[in-house]
Structures are given as structure tokens and as C-alpha cells.
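Structure file data19.txt (compact mmCIF, C-alpha atoms) is printed below.
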# COMPACT_ATOMS: atom_id res chain seq x y z
CA MET A 16 16.95 2.19 -31.31
CA SER A 17 16.04 4.03 -28.13
CA ASP A 18 15.74 7.60 -27.01
CA ARG A 19 14.80 9.35 -23.79
CA ILE A 20 11.81 11.52 -23.10
CA SER A 21 10.99 13.40 -19.93
CA PHE A 22 7.89 14.65 -18.18
CA LYS A 23 7.52 17.07 -15.31
CA GLY A 24 4.65 18.54 -13.38
CA THR A 25 3.14 19.53 -10.07
CA ILE A 26 0.69 17.28 -8.24
CA PRO A 27 -1.37 18.19 -5.16
CA VAL A 28 -0.82 15.85 -2.22
CA GLY A 29 -3.19 12.88 -2.37
CA GLU A 30 -3.75 13.07 -6.11
CA GLN A 31 -2.39 11.51 -9.29
CA GLU A 32 -1.47 12.56 -12.81
CA LYS A 33 -1.77 10.36 -15.89
CA ILE A 34 1.11 10.31 -18.36
CA LYS A 35 -0.20 9.23 -21.76
CA LEU A 36 2.18 6.73 -23.33
CA SER A 37 -0.03 4.06 -24.89
CA THR A 38 -0.19 3.75 -28.66
CA LEU A 39 -2.76 2.09 -30.90
CA ASP A 40 -0.40 -0.66 -32.01
CA GLY A 41 1.50 -1.12 -28.69
CA LEU A 42 4.81 -1.28 -30.55
CA THR A 43 6.50 1.38 -28.42
CA GLY A 44 8.00 0.29 -25.11
CA TYR A 45 9.14 2.40 -22.18
CA ARG A 46 11.37 2.02 -19.13
CA ILE A 47 11.92 4.50 -16.30
CA THR A 48 15.51 5.74 -16.12
CA ASP A 49 15.09 8.55 -13.56
CA PHE A 50 12.37 9.73 -11.19
CA ARG A 51 12.64 12.61 -8.71
CA VAL A 52 10.35 14.68 -6.50
CA ILE A 53 10.74 18.02 -4.74
CA SER A 54 8.37 20.26 -2.82
CA ILE A 55 7.07 23.40 -4.54
CA THR A 56 8.56 25.27 -1.55
CA PRO A 57 11.84 23.48 -0.82
CA GLY A 58 13.31 24.42 2.53
CA ALA A 59 10.26 26.45 3.57
CA ALA A 60 8.41 23.74 5.51
CA ASN A 61 8.86 20.25 6.87
CA SER A 62 7.81 17.71 4.30
CA GLU A 63 8.32 14.07 3.43
CA LEU A 64 7.22 13.82 -0.18
CA ILE A 65 6.57 10.39 -1.63
CA GLY A 66 6.10 10.18 -5.37
CA GLN A 67 5.10 6.85 -6.86
CA VAL A 68 4.69 5.67 -10.44
CA PHE A 69 2.11 3.01 -11.20
CA ALA A 70 1.10 1.03 -14.27
CA LYS A 71 -2.58 1.38 -13.33
CA SER A 72 -4.69 4.28 -12.06
CA GLN A 73 -4.69 4.82 -8.30
CA LEU A 74 -7.72 7.12 -8.39
CA GLY A 75 -9.45 6.92 -5.02
CA ASN A 76 -6.60 4.79 -3.66
CA VAL A 77 -3.63 7.19 -3.47
CA SER A 78 -1.60 6.27 -0.40
CA SER A 79 1.75 7.07 1.18
CA THR A 80 2.30 3.34 1.75
CA VAL A 81 5.04 1.93 -0.47
CA ASN A 82 4.42 -1.73 -1.29
CA PHE A 83 7.04 -3.43 -3.45
CA THR A 84 4.83 -6.51 -3.82
CA ASP A 85 2.34 -4.37 -5.78
CA GLN A 86 2.88 -5.47 -9.40
CA ASP A 87 1.66 -2.07 -10.63
CA LEU A 88 4.35 -0.11 -8.75
CA LEU A 89 7.02 0.94 -11.24
CA GLY A 90 8.97 3.44 -9.16
CA VAL A 91 9.13 5.50 -5.99
CA ALA A 92 10.96 8.67 -5.02
CA TYR A 93 11.15 9.97 -1.46
CA VAL A 94 12.61 13.24 -0.26
CA ASP A 95 12.42 14.96 3.11
CA ASP A 96 13.07 18.59 3.96
CA PRO A 97 16.65 18.15 5.22
CA GLY A 98 17.51 16.79 1.78
CA PHE A 99 17.60 13.03 2.31
CA SER A 100 16.26 11.21 -0.74
CA VAL A 101 15.71 7.69 -2.03
CA ILE A 102 14.88 6.80 -5.61
CA ILE A 103 14.00 3.27 -6.69
CA PHE A 104 12.47 2.18 -9.97
CA ASP A 105 11.78 -1.06 -11.76
CA ASN A 106 13.97 -2.03 -14.70
CA GLU A 107 10.95 -3.46 -16.53
CA TYR A 108 9.54 -2.33 -19.87
CA PHE A 109 5.90 -1.34 -20.31
CA ASN A 110 3.79 -0.08 -23.21
CA GLN A 111 0.82 1.54 -21.47
CA ASP A 112 0.00 4.84 -19.76
CA ILE A 113 1.50 5.40 -16.32
CA PHE A 114 0.20 7.25 -13.26
CA VAL A 115 2.26 9.42 -10.90
CA THR A 116 0.95 9.98 -7.37
CA MET A 117 2.12 12.41 -4.70
CA THR A 118 1.70 12.03 -0.94
CA ASP A 119 3.42 13.41 2.14
CA GLY A 120 4.42 11.10 4.98
CA SER A 121 4.46 13.98 7.48
CA GLY A 122 0.87 14.93 6.71
CA ALA A 123 1.79 18.23 5.06
CA THR A 124 -0.36 19.39 2.17
CA VAL A 125 2.14 21.37 0.10
CA PRO A 126 2.06 20.06 -3.51
CA GLY A 127 5.08 18.35 -4.98
CA ASN A 128 6.90 18.57 -8.29
CA TYR A 129 8.03 15.50 -10.15
CA TYR A 130 10.47 14.83 -12.94
CA ILE A 131 10.47 11.49 -14.73
CA GLU A 132 12.79 10.39 -17.50
CA ILE A 133 11.78 7.45 -19.65
CA GLU A 134 13.67 5.44 -22.25
CA ARG A 135 11.55 4.81 -25.35
CA ILE A 136 12.25 1.82 -27.59
CA LYS A 137 10.64 0.24 -30.63
CA LEU A 138 9.17 -3.18 -29.85
CA ASN A 139 8.71 -6.00 -32.30
CA GLN A 140 5.29 -7.65 -32.55
CA THR A 141 6.26 -10.49 -30.19
CA GLN A 142 7.51 -8.13 -27.47
CA ALA A 143 4.39 -5.95 -27.77
CA THR A 144 2.14 -9.00 -27.50
CA GLN A 145 4.02 -10.25 -24.43
CA LEU A 146 3.62 -6.88 -22.66
CA THR A 147 -0.06 -6.65 -23.58
CA LEU A 148 -0.73 -10.21 -22.37
CA ALA A 149 1.10 -9.47 -19.12
CA ASN A 150 -1.17 -6.44 -18.59
CA ILE A 151 -4.28 -8.54 -19.25
CA LYS A 152 -3.03 -11.26 -16.88
CA ASP A 153 -2.49 -8.67 -14.12
CA ILE A 154 -5.99 -7.25 -14.61
CA VAL A 155 -7.64 -10.70 -14.48
CA SER A 156 -5.56 -11.66 -11.44
CA ARG A 157 -6.63 -8.51 -9.54
CA GLU A 158 -10.29 -8.93 -10.47
CA SER A 159 -10.38 -12.56 -9.29
CA LYS A 160 -9.06 -11.72 -5.80
CA PRO A 161 -11.72 -11.36 -3.09

Render the structure in this file as C-alpha cells.
Amino acid sequence: MSDRISFKGTIPVGEQEKIKLSTLDGLTGYRITDFRVISITPGAANSELIGQVFAKSQLGNVSSTVNFTDQDLLGVAYVDDPGFSVIIFDNEYFNQDIFVTMTDGSGATVPGNYYIEIERIKLNQTQATQLTLANIKDIVSRESKP
């Protein structure tokens, strides 16, 4: 059984917002099905908004660089003022909190709005354990790198 939930908000450029999804038992899984960004003043100024969704906090490390080799990157949405947009997200399930960041490739400082839609499913104990172990493995791997 699955259903969809959505979140929306406004994030100042260079900052992040935490979306609380984790549960005590880890038996609820999530997958991004849609992710979009738009300036709070569309059409009023030149902007190149870049919204990114991460599995881990980016506090102090929010960047407009998009790196698909980053295992924590779950999705990215880009939109510029003329209306060109690109939306890419991972088809992977997760069972932890996620973090949405907002930057502007043009250097503008106008905050951006985001909308994210997530599919929610019930995990069995094996699936929940696999996702939790994958998270632990990623944390250990990052901490062991120089």
C-alpha cells in the first residue's frame, strides 16, 4: 500500500530546510515522485534557482554545485527566469529525514519556493533493516575518508 504526501515551503538562498520523515521503527519508506522550485518573485528578476534534496544535512555546506556522485543527493530542480527548468530525482527509497537546500546560480539572493511530492510505503522488517544498514554504511564511509 502506498500513498503520496507533499511538502512546500520557502527557503532563503544558501540555506536548508529539514523535512521530518523518520519514524521510531523505520518501517515507513519514501520515494520522491516530484520536486519543483520557483522564485518568490517569478518574472520580477533574473534568477537561476537550484533546489536540491539530500539524505543528510548540508548545514554549513550548502552549494549551487550539483554532484550526481554524491550518494546523499536524492533530487535536484533547476529553473531560470525565462522559464527553462530541469527536474531530476533518484528512484530510490529512503526511511530517514531529508533536507532541501536552495541556491541561485546567478548570485541573486531572492528566496525560492519548493514543492516536493513523496510516495509513502509500508516496509517490512527486512526492507527497513536494509535501508538503515545502507545509511550506516554511508556514514562510516564518509567518516573514514580523509

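In this comparison, which uses all atoms listed in the file, the residue of A:Ser62, A:Thr48, A:Ser37, A:Thr25 approaching Glu132 (chain A) most closely is A:Thr48.
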
> Pick from A:Ile47, A:Ile113, A:Leu64, A:Val52: nearest to Arg135 (chain A), with only C-alpha atoms counted?
Replying inline: A:Ile47

> Between CA of Pro97 (chain A) and CA of Met117 (chain A), what is the spacing in Å?
Replying inline: 18.5 Å

> Which residue out of A:Tyr130, A:Asp95, A:Gln111, A:Gln145 has the minimum interatomic distance to Thr43 (chain A) when only C-alpha atoms are used?
Replying inline: A:Gln111

> Quick one: of A:Gly44, A:Gly98, A:Gly90, A:Gly120, who's nearest to Arg19 (chain A), counting only C-alpha atoms?
Replying inline: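 Among the listed residues, the smallest separation from Arg19 (chain A) belongs to A:Gly44.
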
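Shortest atom-to-atom contact with Gly127 (chain A) among A:Lys35, A:Lys71, A:Lys23, A:Arg46: A:Lys23, counting only C-alpha atoms.
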
Once you add 6 Å to each side, what are the centre and edge lengths of the axis-aligned box holding all listed atoms of region 19-27 of chain A? One decimal in Å, as lines of an AutoDock Vina configuration file, if you can.
center_x = 6.7
center_y = 14.4
center_z = -14.5
size_x = 28.2
size_y = 22.2
size_z = 30.6

>> List the spatial neighbours of Gly122 (chain A) as JSON, numbers by chain - criterion: any atom at most 12 Å away, all atoms listed in the file, same-chain residues fewer than 2 positions off excluded.
In response: {"A": [28, 29, 60, 61, 62, 63, 64, 65, 78, 79, 117, 118, 119, 120, 124, 125, 126]}

>> Here is a test: counting all atoms listed in the file, which residue of A:Ala92, A:Phe114, A:Asp49, A:Asp85 is nearest to Glu30 (chain A)?
In response: A:Phe114

> Distance CA of Ile26 (chain A)-CA of Phe69 (chain A), one decimal place?
Replying inline: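 Value for the CA of Ile26 (chain A)-CA of Phe69 (chain A) distance: 14.6 Å.
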